[in-house]
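Participant: So that we are looking at the same thing, I have put the structure below in structure tokens.
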Amino acid sequence: MVVVSAPESFSFTVGTRLDGRHGRTGVIETPHGSIATPAFIPVGTKATVKSVLPETMKEIGAQALLANAYHLYLQPGSDIVDEAGGLGKFMNWPGPTFTDSGGFQVMSLGVGFKKVLAMEAVDVRSDDVIAKGKERLATVDDDGVTFRSHLDGSKHRFTPEVSMGIQHQLGADIMFAFDELTTLLNTRGYQEKSLQRTHEWAQRCIDEHERLTTARAEHPYQALFAVIQGAQYEDLRRKACRELDAIRGEAGTSFDGFGIGGALEKHNLGTIVGWCCDELPEEKPRHMLGISEPEDIFVAVENGADTFDCVNPSRVARNAAIYVARGRFNINTARFRRDFTPIDDTCDCYTCANYTRAYLHHLFKAKEILAATLCTIHNERFTIRLVDQIRASIDGGYFDAFKAETLALWNSAKK
């Protein structure tokens, strides 16, 4: 078999390595530009980071944006994005783009969990896990997932082939294979069954990816990442990594990188990333799905994650939660009513350069839309800047000192 490698338009180069650990710097090259890693990828779920212009995201240092296949399939339709020239052109974003497969939303919304890592009370019927008081909107079988739209209740079906078709139409530089999302409440037996199903779907994704890449040869190459499941089980995580890395399409295509996904407990984050990176090839990038808190970022990077995404910086900003070096606080509380200082006088973002805490407090109390815009700009910049500093600390050889200093300050507000 002749192994077909990704075109020169997509590549990953490893830079500086952390001594004795999987952490490293690097550069991902895509058809729409390069990404210096480690890198935080802000989430623009519906082809927009909520309340913020794409041009502004560029100004605050975002290297790439991630959008969601499930949401864009439902509205406006992936065919419309394709007709517009792809995701980047559609949203006027000049840089690299990611799309997830839609698997997370299909299953998490389908069982009533908006955040799988923050599950509360549940009804458990064997392995039919569903959030308490919710109606099941998604059912999975060996071929795919049937679900009802959270918008209007209409019925839809995703299979590996459907997900690949949607993502090829969306045109992102990096996309993810369709996988089954499980929860920490599923039994070991179900996790094993699900892992096998995800492996079979990954093979189907590779095969369809090859077909569509050939059929759409006039479009820039789109890299395909596998998604590693296995919940909290070491043997399942390692098995998933080895088996996904071994998958080949008929023309010899392999996965261009790997996403570490699924449900996991926060205190096991570094351990699980480490298990995966023990098994994954050094020469391919690793994406951690769904993290943004400073403690999690340091742990993920140290253990080998190259890129990661999360909605949290923008989501909490819309609810008046602000990130600063000493932790997180709510700007809409009374003590900021007459505080005419910036959110953070060490921050270089547009909001901190031009507006005061008192003004932001007023905007939230007045329920003005501008509140979300200004606070999202700050939170996204805070997160991007932190990861830029982490990358510099690895290259400069002072990662451990920077981690200790940063987290001591971050956690000081909790004492």
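Within each chain, counting starts at residue 1; across the structure tokens, chains are named A, B, ... in the order shown, with ligands numbered 1 upward in that order.
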Write out as a list of chain:residue names the residues lying within 10 Å of A:Arg328, counting only C-alpha atoms and excluding same-chain residues fewer than 5 positions away.
Facilitator: A:Val316, A:Ala321, A:Ile322, A:Tyr323, A:Trp410, A:Asn411, A:Ala413, A:Lys414
Participant: If we count only C-alpha atoms and set the cut-off at 9 Å, which residues sit around stretch 384-399 of chain A, ignoring sequence neighbours fewer than 3 positions away in its own chain? Please answer as a list in words.
Facilitator: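 Counting only the stated atoms, we get Gly15, Thr16, Arg17, Leu18, Gly23, Arg24, Thr25, Ala36, Thr37, Pro38, Ala39, Phe40, Ile41, Pro42, Ile60, Gly61, Ala62, Gln63, Pro294, Ile297, Phe298, Val301, Glu302, Asn379, Glu380, Arg381, Phe402, Lys403 and Ala404 of chain A.
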Participant: When you count only C-alpha atoms, which of these residues is closest to A:Pro54: A:Arg326, A:His22, A:Lys89, A:Lys266?
Facilitator: A:Lys89
Participant: Just list as a ChimeraX atom specification whatever in stretch 112-292 of chain A DSSP marks as strand (DSSP E).
Facilitator: /A:122-125,128-131,138-140,145-148,155-158,174-176,223-228,257-260,286-289
Participant: May I have the residues from that selection written out with C-alpha atoms, as a CSV table (one decimal), in the first residue's frame?
Facilitator:
```
chain,number,residue,atom,x,y,z
A,122,VAL,CA,-29.8,12.3,36.1
A,123,ASP,CA,-32.3,9.6,35.3
A,124,VAL,CA,-30.4,6.4,34.5
A,125,ARG,CA,-32.0,3.5,32.6
A,128,ASP,CA,-29.7,5.3,28.5
A,129,VAL,CA,-28.4,8.3,30.4
A,130,ILE,CA,-30.5,11.5,30.2
A,131,ALA,CA,-30.6,14.7,32.3
A,138,ALA,CA,-31.2,11.7,20.2
A,139,THR,CA,-30.8,8.0,19.7
A,140,VAL,CA,-27.6,6.2,18.6
A,145,VAL,CA,-27.5,9.1,15.3
A,146,THR,CA,-31.1,10.2,14.8
A,147,PHE,CA,-32.0,13.4,16.6
A,148,ARG,CA,-34.5,16.2,16.7
A,155,LYS,CA,-36.0,15.1,12.7
A,156,HIS,CA,-32.5,14.6,11.3
A,157,ARG,CA,-29.8,11.9,11.1
A,158,PHE,CA,-26.0,12.2,11.2
A,174,ILE,CA,-9.2,21.3,10.3
A,175,MET,CA,-12.2,19.1,10.9
A,176,PHE,CA,-13.0,16.2,13.2
A,223,ALA,CA,-7.1,18.2,7.5
A,224,LEU,CA,-9.1,15.5,9.4
A,225,PHE,CA,-8.5,14.8,13.1
A,226,ALA,CA,-9.7,11.6,14.8
A,227,VAL,CA,-11.4,11.9,18.2
A,228,ILE,CA,-10.2,9.9,21.1
A,257,GLY,CA,-4.1,14.9,13.9
A,258,PHE,CA,-6.0,13.9,16.9
A,259,GLY,CA,-8.7,15.4,19.2
A,260,ILE,CA,-8.8,14.3,22.8
A,286,ARG,CA,-3.2,17.1,19.3
A,287,HIS,CA,-6.3,19.1,20.1
A,288,MET,CA,-8.0,19.1,23.5
A,289,LEU,CA,-11.7,19.7,23.1
```
Participant: Show me a table, sorted first by chain and then by increasing residue number, of the residues of stretch 169-197 of chain A having an atom at most 12 Å from stretch 201-222 of chain A, each with its shortest atom pair and the distance in Å to one decimal, counting only C-alpha atoms and written as a Markdown table.
Facilitator:
```
| residue | atom | partner | partner_atom | distance |
| --- | --- | --- | --- | --- |
| A:Gln169 | CA | A:Arg216 | CA | 9.5 |
| A:Leu170 | CA | A:Gln222 | CA | 10.2 |
| A:Gly171 | CA | A:Gln222 | CA | 7.0 |
| A:Ala172 | CA | A:Gln222 | CA | 6.4 |
| A:Asp173 | CA | A:Gln222 | CA | 4.7 |
| A:Ile174 | CA | A:Gln222 | CA | 5.7 |
| A:Met175 | CA | A:Gln222 | CA | 7.0 |
| A:Phe176 | CA | A:Cys205 | CA | 9.0 |
| A:Ala177 | CA | A:Cys205 | CA | 5.9 |
| A:Phe178 | CA | A:Trp201 | CA | 6.6 |
| A:Asp179 | CA | A:Trp201 | CA | 6.7 |
| A:Glu180 | CA | A:Trp201 | CA | 8.8 |
| A:Ser194 | CA | A:Trp201 | CA | 10.3 |
| A:Leu195 | CA | A:Trp201 | CA | 9.8 |
| A:Gln196 | CA | A:Trp201 | CA | 8.6 |
| A:Arg197 | CA | A:Trp201 | CA | 6.2 |
```
Participant: Considering only C-alpha atoms, state which residue in the set A:Ile369, A:Met164, A:Ile377, A:Ile80 is at the smallest distance from A:Tyr355.
Facilitator: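 Among the listed residues, the smallest separation from A:Tyr355 belongs to A:Ile377.
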Participant: Please determine, counting only C-alpha atoms, which residue among A:Ser292, A:Phe364, A:Asp143, A:Thr56 has the shortest atom-to-atom distance to A:Ala334.
Facilitator: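 Looking at the shortest contact to A:Ala334, the residue is A:Phe364.
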Participant: How many Å separate atom CA of A:Val14 from atom CA of A:Lys239?
Facilitator: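 So the two atoms, atom CA of A:Val14 and atom CA of A:Lys239, lie 24.4 Å apart.
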